[in-house]
Structures are given as C-alpha cells and as structure tokens.
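Asker: For reference, this is data.txt, and it has compact mmCIF, C-alpha atoms.
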# COMPACT_ATOMS: atom_id res chain seq x y z
CA MET Z 983 -94.78 -38.10 -55.17
CA LEU Z 984 -92.31 -35.46 -56.35
CA ASP Z 985 -89.91 -36.47 -59.12
CA GLY Z 986 -90.27 -40.05 -57.98
CA LEU Z 987 -89.62 -39.20 -54.31
CA PRO Z 988 -92.03 -39.45 -51.37
CA ARG Z 989 -93.24 -36.03 -50.19
CA ARG Z 990 -91.34 -36.12 -46.90
CA PHE Z 991 -88.23 -37.36 -48.68
CA ALA Z 992 -88.25 -34.20 -50.77
CA THR Z 993 -88.00 -31.99 -47.69
CA THR Z 994 -85.36 -33.79 -45.64
CA ARG Z 995 -81.60 -33.31 -45.73
CA TRP Z 996 -79.77 -36.38 -44.48
CA THR Z 997 -82.18 -38.72 -46.23
CA LEU Z 998 -81.36 -36.90 -49.45
CA VAL Z 999 -77.63 -36.96 -48.76
CA ARG Z 1000 -77.72 -40.69 -48.14
CA ALA Z 1001 -79.63 -41.19 -51.38
CA VAL Z 1002 -77.06 -39.16 -53.34
CA ARG Z 1003 -74.39 -41.69 -52.37
CA GLY Z 1004 -76.09 -44.21 -54.65
CA ARG Z 1005 -74.58 -42.52 -57.68
CA GLY Z 1006 -76.15 -43.23 -61.04
CA SER Z 1007 -79.59 -44.26 -59.78
CA ASP Z 1008 -82.74 -42.29 -60.52
CA GLU Z 1009 -83.22 -41.76 -56.80
CA ALA Z 1010 -79.70 -40.34 -56.45
CA ARG Z 1011 -80.23 -37.93 -59.34
CA ASP Z 1012 -83.57 -36.77 -57.92
CA ALA Z 1013 -82.05 -36.31 -54.46
CA LEU Z 1014 -79.15 -34.31 -55.89
CA ALA Z 1015 -81.56 -32.05 -57.78
CA VAL Z 1016 -83.59 -31.38 -54.63
CA LEU Z 1017 -80.49 -30.58 -52.56
CA CYS Z 1018 -79.18 -28.15 -55.17
CA ARG Z 1019 -82.57 -26.48 -55.49
CA THR Z 1020 -82.98 -26.19 -51.71
CA TYR Z 1021 -79.57 -24.70 -50.98
CA TRP Z 1022 -79.13 -22.56 -54.11
CA TRP Z 1023 -80.51 -19.37 -52.52
CA PRO Z 1024 -78.66 -19.75 -49.20
CA VAL Z 1025 -75.39 -20.11 -51.10
CA HIS Z 1026 -76.33 -17.20 -53.37
CA ALA Z 1027 -76.98 -15.06 -50.27
CA PHE Z 1028 -73.54 -15.98 -48.96
CA MET Z 1029 -71.91 -14.97 -52.26
CA CYS Z 1030 -73.76 -11.63 -52.30
CA ARG Z 1031 -72.74 -10.79 -48.74
CA SER Z 1032 -69.15 -11.70 -49.57
CA GLY Z 1033 -69.04 -8.83 -52.05
CA ALA Z 1034 -70.23 -10.22 -55.39
CA SER Z 1035 -72.88 -8.40 -57.39
CA ASP Z 1036 -76.20 -10.19 -57.80
CA ASP Z 1037 -75.30 -11.37 -61.33
CA ASP Z 1038 -71.83 -12.51 -60.28
CA ALA Z 1039 -73.28 -14.23 -57.22
CA ARG Z 1040 -75.58 -16.21 -59.50
CA ASP Z 1041 -72.62 -17.24 -61.65
CA LEU Z 1042 -70.60 -18.18 -58.58
CA THR Z 1043 -73.47 -20.18 -57.12
CA GLN Z 1044 -73.93 -22.08 -60.36
CA ALA Z 1045 -70.18 -22.75 -60.51
CA PHE Z 1046 -70.15 -23.87 -56.89
CA PHE Z 1047 -72.87 -26.45 -57.39
CA ALA Z 1048 -71.30 -27.61 -60.65
CA LYS Z 1049 -68.10 -28.28 -58.71
CA VAL Z 1050 -70.01 -29.95 -55.88
CA ILE Z 1051 -71.64 -32.30 -58.37
CA GLU Z 1052 -68.40 -32.92 -60.29
CA LYS Z 1053 -66.41 -33.72 -57.14
CA GLY Z 1054 -69.20 -35.66 -55.43
CA ALA Z 1055 -68.98 -33.36 -52.40
CA PHE Z 1056 -72.47 -34.19 -51.11
CA GLU Z 1057 -71.38 -37.80 -50.77
CA GLN Z 1058 -68.63 -36.76 -48.35
CA ALA Z 1059 -71.06 -35.27 -45.82
CA ARG Z 1060 -71.72 -37.42 -42.78
CA GLU Z 1061 -74.23 -37.02 -39.97
CA ASP Z 1062 -71.61 -37.60 -37.28
CA ARG Z 1063 -69.47 -34.73 -38.58
CA GLY Z 1064 -71.98 -31.99 -37.84
CA LYS Z 1065 -74.92 -30.29 -39.49
CA PHE Z 1066 -75.29 -30.50 -43.25
CA ARG Z 1067 -75.89 -26.75 -43.62
CA THR Z 1068 -72.60 -26.12 -41.78
CA PHE Z 1069 -70.81 -28.55 -44.07
CA LEU Z 1070 -72.18 -26.80 -47.15
CA LEU Z 1071 -71.35 -23.33 -45.80
CA SER Z 1072 -67.76 -24.42 -45.21
CA SER Z 1073 -67.62 -25.81 -48.75
CA ALA Z 1074 -68.96 -22.54 -50.18
CA ARG Z 1075 -66.43 -20.53 -48.16
CA ASN Z 1076 -63.55 -22.68 -49.45
CA PHE Z 1077 -64.83 -22.43 -53.02
CA LEU Z 1078 -65.05 -18.64 -52.83
CA SER Z 1079 -61.54 -18.41 -51.36
CA ASN Z 1080 -60.20 -20.48 -54.26
CA GLU Z 1081 -62.02 -18.29 -56.78
CA ARG Z 1082 -60.53 -15.18 -55.22
CA GLU Z 1083 -57.03 -16.65 -55.39
CA ALA Z 1084 -57.58 -17.57 -59.04
CA ALA Z 1085 -58.79 -14.03 -59.79
CA HIS Z 1086 -55.71 -12.51 -58.14
CA ALA Z 1087 -53.46 -14.95 -60.00
CA GLN Z 1088 -54.98 -13.84 -63.29
CA LYS Z 1089 -54.32 -10.20 -62.38
CA ARG Z 1090 -50.66 -11.14 -61.91
CA GLY Z 1091 -50.63 -12.38 -65.52
CA SER Z 1092 -51.26 -16.08 -65.05
CA GLY Z 1093 -53.03 -16.25 -68.40
CA ARG Z 1094 -56.27 -17.50 -66.92
CA GLU Z 1095 -59.51 -15.96 -68.19
CA PRO Z 1096 -60.62 -13.23 -65.77
CA LEU Z 1097 -63.43 -14.05 -63.38
CA PRO Z 1098 -66.30 -11.54 -63.11
CA LEU Z 1099 -65.81 -10.92 -59.39
CA GLU Z 1100 -66.44 -7.61 -57.65
CA PHE Z 1101 -65.49 -8.39 -54.07
CA ASP Z 1102 -64.19 -4.91 -53.29
CA ASP Z 1103 -66.77 -2.90 -55.25
CA GLY Z 1104 -69.24 -1.35 -52.83
CA ASP Z 1105 -71.39 0.13 -55.60
CA GLY Z 1106 -72.68 -3.12 -57.10
CA PRO Z 1107 -76.31 -4.23 -56.66
CA ARG Z 1108 -77.25 -6.00 -53.44
CA ALA Z 1109 -80.58 -7.53 -54.33
CA ILE Z 1110 -81.11 -9.30 -51.02
CA GLU Z 1111 -79.22 -7.15 -48.51
CA PRO Z 1112 -81.35 -5.77 -45.67
CA ALA Z 1113 -80.94 -2.17 -44.57
CA GLY Z 1114 -78.60 -2.97 -41.69
CA GLY Z 1115 -76.39 -5.36 -43.62
CA GLU Z 1116 -75.21 -8.72 -42.30
CA THR Z 1117 -72.29 -11.10 -42.50
CA PRO Z 1118 -72.11 -13.68 -45.32
CA GLU Z 1119 -72.60 -16.44 -42.77
CA ARG Z 1120 -75.65 -14.74 -41.27
CA ALA Z 1121 -77.14 -14.26 -44.75
CA TYR Z 1122 -76.62 -17.95 -45.52
CA GLU Z 1123 -78.20 -19.08 -42.26
CA ARG Z 1124 -81.18 -16.73 -42.62
CA LYS Z 1125 -81.88 -17.91 -46.16
CA TRP Z 1126 -81.50 -21.52 -45.06
CA ALA Z 1127 -84.11 -20.98 -42.35
CA LEU Z 1128 -86.53 -19.34 -44.77
CA GLU Z 1129 -86.10 -22.22 -47.23
CA VAL Z 1130 -86.81 -24.80 -44.51
CA ILE Z 1131 -89.97 -22.92 -43.52
CA ALA Z 1132 -91.09 -22.57 -47.14
CA LEU Z 1133 -90.54 -26.25 -47.88
CA SER Z 1134 -92.40 -27.30 -44.73
CA LEU Z 1135 -95.28 -25.04 -45.69
CA LYS Z 1136 -95.41 -26.62 -49.14
CA VAL Z 1137 -95.71 -30.07 -47.60
CA VAL Z 1138 -98.65 -28.93 -45.47
CA GLU Z 1139 -100.28 -27.28 -48.49
CA SER Z 1140 -99.92 -30.45 -50.56
CA ARG Z 1141 -101.60 -32.48 -47.82
CA TYR Z 1142 -104.52 -30.07 -47.58
CA GLU Z 1143 -104.85 -30.08 -51.35
CA ALA Z 1144 -104.80 -33.89 -51.45
CA SER Z 1145 -107.68 -33.97 -48.96
CA GLY Z 1146 -109.71 -31.41 -50.90
CA ARG Z 1147 -109.10 -28.58 -48.41
CA ARG Z 1148 -106.86 -26.27 -50.42
CA ALA Z 1149 -109.34 -23.37 -50.17
CA LEU Z 1150 -109.22 -23.70 -46.39
CA PHE Z 1151 -105.41 -23.70 -46.42
CA VAL Z 1152 -105.26 -20.59 -48.62
CA ALA Z 1153 -107.73 -18.79 -46.35
CA LEU Z 1154 -105.87 -19.71 -43.17
CA GLN Z 1155 -102.28 -19.30 -44.34
CA PRO Z 1156 -102.17 -15.56 -43.45
CA PHE Z 1157 -103.07 -16.46 -39.87
CA LEU Z 1158 -100.27 -19.03 -39.86
CA THR Z 1159 -97.61 -16.55 -40.93
CA GLY Z 1160 -98.77 -13.84 -38.55
CA ASP Z 1161 -100.20 -11.64 -41.29
CA GLU Z 1162 -103.91 -11.31 -40.49
CA PRO Z 1163 -105.58 -9.17 -43.17
CA SER Z 1164 -109.08 -9.79 -41.88
CA SER Z 1165 -110.90 -11.19 -38.88
CA TYR Z 1166 -111.83 -14.81 -38.37
CA GLY Z 1167 -115.44 -13.79 -38.83
CA ASP Z 1168 -114.81 -12.37 -42.29
CA VAL Z 1169 -112.94 -15.47 -43.42
CA ALA Z 1170 -115.56 -17.76 -41.88
CA GLY Z 1171 -118.26 -15.93 -43.80
CA ARG Z 1172 -116.44 -16.43 -47.10
CA LEU Z 1173 -115.96 -20.14 -46.40
CA GLY Z 1174 -119.49 -20.68 -45.15
CA THR Z 1175 -118.47 -21.80 -41.68
CA THR Z 1176 -118.57 -20.39 -38.16
CA ASP Z 1177 -116.02 -18.25 -36.37
CA GLY Z 1178 -115.46 -20.99 -33.80
CA ALA Z 1179 -114.99 -23.71 -36.40
CA LEU Z 1180 -112.49 -21.57 -38.26
CA ARG Z 1181 -110.47 -20.93 -35.11
CA VAL Z 1182 -110.29 -24.68 -34.53
CA ALA Z 1183 -109.18 -25.18 -38.15
CA ALA Z 1184 -106.51 -22.49 -37.72
CA HIS Z 1185 -105.24 -24.20 -34.59
CA ARG Z 1186 -105.01 -27.50 -36.47
CA LEU Z 1187 -103.12 -25.86 -39.33
CA ARG Z 1188 -100.59 -24.38 -36.90
CA ARG Z 1189 -100.25 -27.79 -35.28
CA ASP Z 1190 -99.77 -29.52 -38.66
CA PHE Z 1191 -97.20 -26.97 -39.76
CA ALA Z 1192 -95.28 -27.23 -36.48
CA ALA Z 1193 -95.21 -31.02 -36.81
CA VAL Z 1194 -93.91 -30.90 -40.39
CA LEU Z 1195 -91.32 -28.26 -39.50
CA ARG Z 1196 -90.13 -30.37 -36.59
CA GLU Z 1197 -90.03 -33.45 -38.84
CA THR Z 1198 -87.93 -31.59 -41.38
CA ILE Z 1199 -85.54 -30.27 -38.76
CA ALA Z 1200 -85.23 -33.72 -37.18
CA ASP Z 1201 -83.61 -35.02 -40.35
CA THR Z 1202 -80.97 -32.29 -40.35
CA VAL Z 1203 -79.47 -33.15 -36.96
CA GLU Z 1204 -77.60 -36.18 -35.71
CA ARG Z 1205 -79.46 -36.72 -32.43
CA PRO Z 1206 -83.18 -36.40 -31.65
CA GLU Z 1207 -82.38 -34.32 -28.58
CA ASP Z 1208 -80.87 -31.65 -30.84
CA VAL Z 1209 -84.19 -30.87 -32.57
CA ASP Z 1210 -85.38 -28.28 -30.06
CA ASP Z 1211 -82.06 -26.41 -30.15
CA GLU Z 1212 -82.11 -26.39 -33.94
CA LEU Z 1213 -85.67 -25.10 -34.00
CA ARG Z 1214 -84.70 -22.27 -31.68
CA TYR Z 1215 -81.74 -21.52 -33.95
CA LEU Z 1216 -84.03 -21.42 -36.97
CA LEU Z 1217 -86.31 -18.91 -35.27
CA ARG Z 1218 -83.34 -16.72 -34.35
CA ALA Z 1219 -82.04 -16.92 -37.92
CA VAL Z 1220 -85.23 -15.46 -39.37
CA GLY Z 1221 -85.51 -12.84 -36.67
CA PRO Z 1222 -84.35 -9.22 -36.89
Mind turning this structure into structure tokens?

Answerer:
Amino acid sequence: MLDGLPRRFATTRWTLVRAVRGRGSDEARDALAVLCRTYWWPVHAFMCRSGASDDDARDLTQAFFAKVIEKGAFEQAREDRGKFRTFLLSSARNFLSNEREAAHAQKRGSGREPLPLEFDDGDGPRAIEPAGGETPERAYERKWALEVIALSLKVVESRYEASGRRALFVALQPFLTGDEPSSYGDVAGRLGTTDGALRVAAHRLRRDFAAVLRETIADTVERPEDVDDELRYLLRAVGP
C-alpha cells in the first residue's frame, strides 16, 4: 500500500482521475496528491522551456497546481476526450498564457502585484535544458515519459523487495537500463550464483518491467488497441 492506495493504483492515470472525482474522501485526496507529484516535473519542464527561469518555473508550477486543485480541473478530464497528459499540457499552456497577460496588464499600470516572469530573458538559468534545446511541448512530453518509466521501475522494485529479492534487483537494474558497468560473471560472483542463472534473472526482470510499463500505459489511453502506439510514443519521447 502507498498512502492507502494499492501499488498499481499509485502508478495509473485514469484510475487516479476517476478517484479524484470523489471529492472529500481520503481516496480522492490521495489520488490528487499522486497526480500532482507525478506531473509536477513535466509541467515544470514546460514552464522552463517557455522562458521562465528555474526558480520562476517552480513558482509557476506550484501556482498551476494550486489553481488546478482550486478549480477541480482534474475532475473535468474524461477518457473519451483524449489522453490525460494532453489535457494537462493544454491546461498548463492556458494557465501560462493567462499569467503572461496578467504580467503585461500590470506593466500597463493595472495595480496588480508584478509576477516574477522572465519569458524574454535569454540569460536566466535553464536547469533542465539539453544542449540542443527543445520546444516546451517536447520538454513536457519527454519528462512525462521519464516519470512513467521511473514510476514503473519503482513498482517492480517494490515487488522484488516484498519477495526478499531487492539485492538481485539492485544488481540487475543497470542491465535493465542499458548501463552495464560489469559483466554478468562479475555480478553473478558477487551474488553467489552462476552466469547462466543471472542471465535468466535479468531476462525475467526485463519481462516484469515491460509488463508493468505496459500496464501503466494501458491506463492512460482510452482503448486497449492504443497501448502499442503509446508505448512507441514514449520511447520516441525519451530518445535524442
């Protein structure tokens, strides 16, 4: 359990969104917290790429989610209206546009307190910007994909830990992510097993991770037949 939620529940999107609609319940509050935590960095990435400094992007992201919670925006999302991440990106884009308009209105002497926005300042810090740069939408999608992968990996880790195999998971995780610091033989020696047995264990870990990732993605799309397309999109989003 995680904050009163089943493990899979904590990594799915539409299940969480549906739970949020039950406003006032413990389950709804837990679901809202998980959604905000999951999408905080993707939204922050969008704010950074839109021109805000890292500090201002954090403030904007906090303000965005405060407004989302205040207005009950998560409750307005529906599976038949498209992907949840697209819905949230559109909401973030609208929020940022409104903040820009408010900032310009203040400059015209509206009397509103100035907002700490630096949309046109190219010298501010860009904590998460890769060398080549990318659009705000691309930054959001890439961070979303990385969050989905990280959450799926955490689910697998928790299952291995629950079955007393955390040491095996830690040893094999580099092979799962493509970063192989040592040979199977070296790792097998440390774990007191054979090279062959370790390769089988690594295959099972990849299989388990792929299943959890697919399970997570399945709950972000409307139709089961869309899962493969969404998985391919996720892989493109984290690519160069």

Asker: Using all atoms listed in the file for the distances, tell me which of Z:Asp1211, Z:Glu1197, Z:Tyr1142, Z:Ala1013 is nearest to Ala1183 of chain Z.

Answerer: Z:Tyr1142

Asker: Using only C-alpha atoms, determine which residues lie at most 12 Å from Tyr1215 of chain Z, disregarding the query and same-chain residues fewer than 2 positions distant; provide the list as an MDAnalysis selection string.

Answerer: chainID Z and resid 1120 1123:1124 1126:1127 1199 1208:1213 1217:1221

Asker: Dump C-alpha atoms for the selected residues as a PDB file, in the coordinates of the input?

Answerer:
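Written out: selection_12.pdb:
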ATOM      1  CA  ARG Z1120     -75.650 -14.740 -41.270  1.00  0.00           C
ATOM      2  CA  GLU Z1123     -78.200 -19.080 -42.260  1.00  0.00           C
ATOM      3  CA  ARG Z1124     -81.180 -16.730 -42.620  1.00  0.00           C
ATOM      4  CA  TRP Z1126     -81.500 -21.520 -45.060  1.00  0.00           C
ATOM      5  CA  ALA Z1127     -84.110 -20.980 -42.350  1.00  0.00           C
ATOM      6  CA  ILE Z1199     -85.540 -30.270 -38.760  1.00  0.00           C
ATOM      7  CA  ASP Z1208     -80.870 -31.650 -30.840  1.00  0.00           C
ATOM      8  CA  VAL Z1209     -84.190 -30.870 -32.570  1.00  0.00           C
ATOM      9  CA  ASP Z1210     -85.380 -28.280 -30.060  1.00  0.00           C
ATOM     10  CA  ASP Z1211     -82.060 -26.410 -30.150  1.00  0.00           C
ATOM     11  CA  GLU Z1212     -82.110 -26.390 -33.940  1.00  0.00           C
ATOM     12  CA  LEU Z1213     -85.670 -25.100 -34.000  1.00  0.00           C
ATOM     13  CA  LEU Z1217     -86.310 -18.910 -35.270  1.00  0.00           C
ATOM     14  CA  ARG Z1218     -83.340 -16.720 -34.350  1.00  0.00           C
ATOM     15  CA  ALA Z1219     -82.040 -16.920 -37.920  1.00  0.00           C
ATOM     16  CA  VAL Z1220     -85.230 -15.460 -39.370  1.00  0.00           C
ATOM     17  CA  GLY Z1221     -85.510 -12.840 -36.670  1.00  0.00           C
TER      18      GLY Z1221
END

Asker: One decimal, Å: what's the distance from atom CA of Thr1175 of chain Z over to atom CA of Ala1144 of chain Z, could you say?

Answerer: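 About the pair atom CA of Thr1175 of chain Z and atom CA of Ala1144 of chain Z: they are 20.7 Å apart.
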
Asker: Would you mind listing what lies within 12 Å of Leu1017 of chain Z as a VMD selection string, with all atoms listed in the file counted and same-chain residues fewer than 5 positions away left out?

Answerer: chain Z and resid 991 to 1002 1010 to 1012 1022 to 1025 1047 1050 to 1051 1055 to 1057 1066 to 1067 1070 1126 1129 to 1130 1133

Asker: Would you mind exporting the chosen residues as a compact mmCIF listing (two decimals), keeping the file's coordinate frame, restricted to C-alpha atoms?

Answerer:
# COMPACT_ATOMS: atom_id res chain seq x y z
CA PHE Z 991 -88.23 -37.36 -48.68
CA ALA Z 992 -88.25 -34.20 -50.77
CA THR Z 993 -88.00 -31.99 -47.69
CA THR Z 994 -85.36 -33.79 -45.64
CA ARG Z 995 -81.60 -33.31 -45.73
CA TRP Z 996 -79.77 -36.38 -44.48
CA THR Z 997 -82.18 -38.72 -46.23
CA LEU Z 998 -81.36 -36.90 -49.45
CA VAL Z 999 -77.63 -36.96 -48.76
CA ARG Z 1000 -77.72 -40.69 -48.14
CA ALA Z 1001 -79.63 -41.19 -51.38
CA VAL Z 1002 -77.06 -39.16 -53.34
CA ALA Z 1010 -79.70 -40.34 -56.45
CA ARG Z 1011 -80.23 -37.93 -59.34
CA ASP Z 1012 -83.57 -36.77 -57.92
CA TRP Z 1022 -79.13 -22.56 -54.11
CA TRP Z 1023 -80.51 -19.37 -52.52
CA PRO Z 1024 -78.66 -19.75 -49.20
CA VAL Z 1025 -75.39 -20.11 -51.10
CA PHE Z 1047 -72.87 -26.45 -57.39
CA VAL Z 1050 -70.01 -29.95 -55.88
CA ILE Z 1051 -71.64 -32.30 -58.37
CA ALA Z 1055 -68.98 -33.36 -52.40
CA PHE Z 1056 -72.47 -34.19 -51.11
CA GLU Z 1057 -71.38 -37.80 -50.77
CA PHE Z 1066 -75.29 -30.50 -43.25
CA ARG Z 1067 -75.89 -26.75 -43.62
CA LEU Z 1070 -72.18 -26.80 -47.15
CA TRP Z 1126 -81.50 -21.52 -45.06
CA GLU Z 1129 -86.10 -22.22 -47.23
CA VAL Z 1130 -86.81 -24.80 -44.51
CA LEU Z 1133 -90.54 -26.25 -47.88

Asker: Using all atoms listed in the file, pick whichever of Z:Gly1171, Z:Pro1118, Z:Pro1206, Z:Pro1156 has the shortest atom-to-atom distance to Leu1187 of chain Z.

Answerer: Z:Pro1156

Asker: Record the distance separating atom CA of Leu1135 of chain Z and atom CA of Asp1190 of chain Z, expressed in Å with one decimal.

Answerer: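 Distance reported for this atom pair: 9.5 Å.
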
Asker: When you draw a straight line from atom CA of Ser1140 of chain Z to atom CA of Phe1157 of chain Z, how long is it in Å?

Answerer: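 Between these atoms lies a distance of 17.9 Å.
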
Asker: Set the distance at 10 Å and use all atoms listed in the file: which residues neighbour segment 1146-1150 of chain Z once local chain neighbours fewer than 6 positions away are removed? I'd like the list as a list of chain:residue names.

Answerer: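 That gives Z:Val1138, Z:Glu1139, Z:Ser1140, Z:Val1169, Z:Ala1170, Z:Leu1173, Z:Leu1180, Z:Ala1183, Z:Ala1184, Z:Leu1187.
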
Asker: Considering all atoms listed in the file, can you say which of Z:Tyr1021, Z:Ala1132, Z:Glu1009, Z:Arg1196 comes closest to Phe1069 of chain Z?

Answerer: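 Nearest candidate to Phe1069 of chain Z out of Z:Tyr1021, Z:Ala1132, Z:Glu1009, Z:Arg1196: Z:Tyr1021.
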
Asker: Pick the closest to Asp1038 of chain Z from Z:Val1203, Z:His1026, Z:Leu1195, Z:Cys1018: which is it, counting only C-alpha atoms?

Answerer: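 Once distances to Asp1038 of chain Z are computed over only C-alpha atoms, the minimum belongs to Z:His1026.
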
Asker: So that all listed atoms of segment 1076-1086 of chain Z fit with 4 Å spare on each side, what axis-aligned box centre and edge lengths in Å, to one decimal, would you give as lines of an AutoDock Vina configuration file?

Answerer:
center_x = -60.4
center_y = -17.6
center_z = -54.6
size_x = 17.3
size_y = 18.2
size_z = 18.3
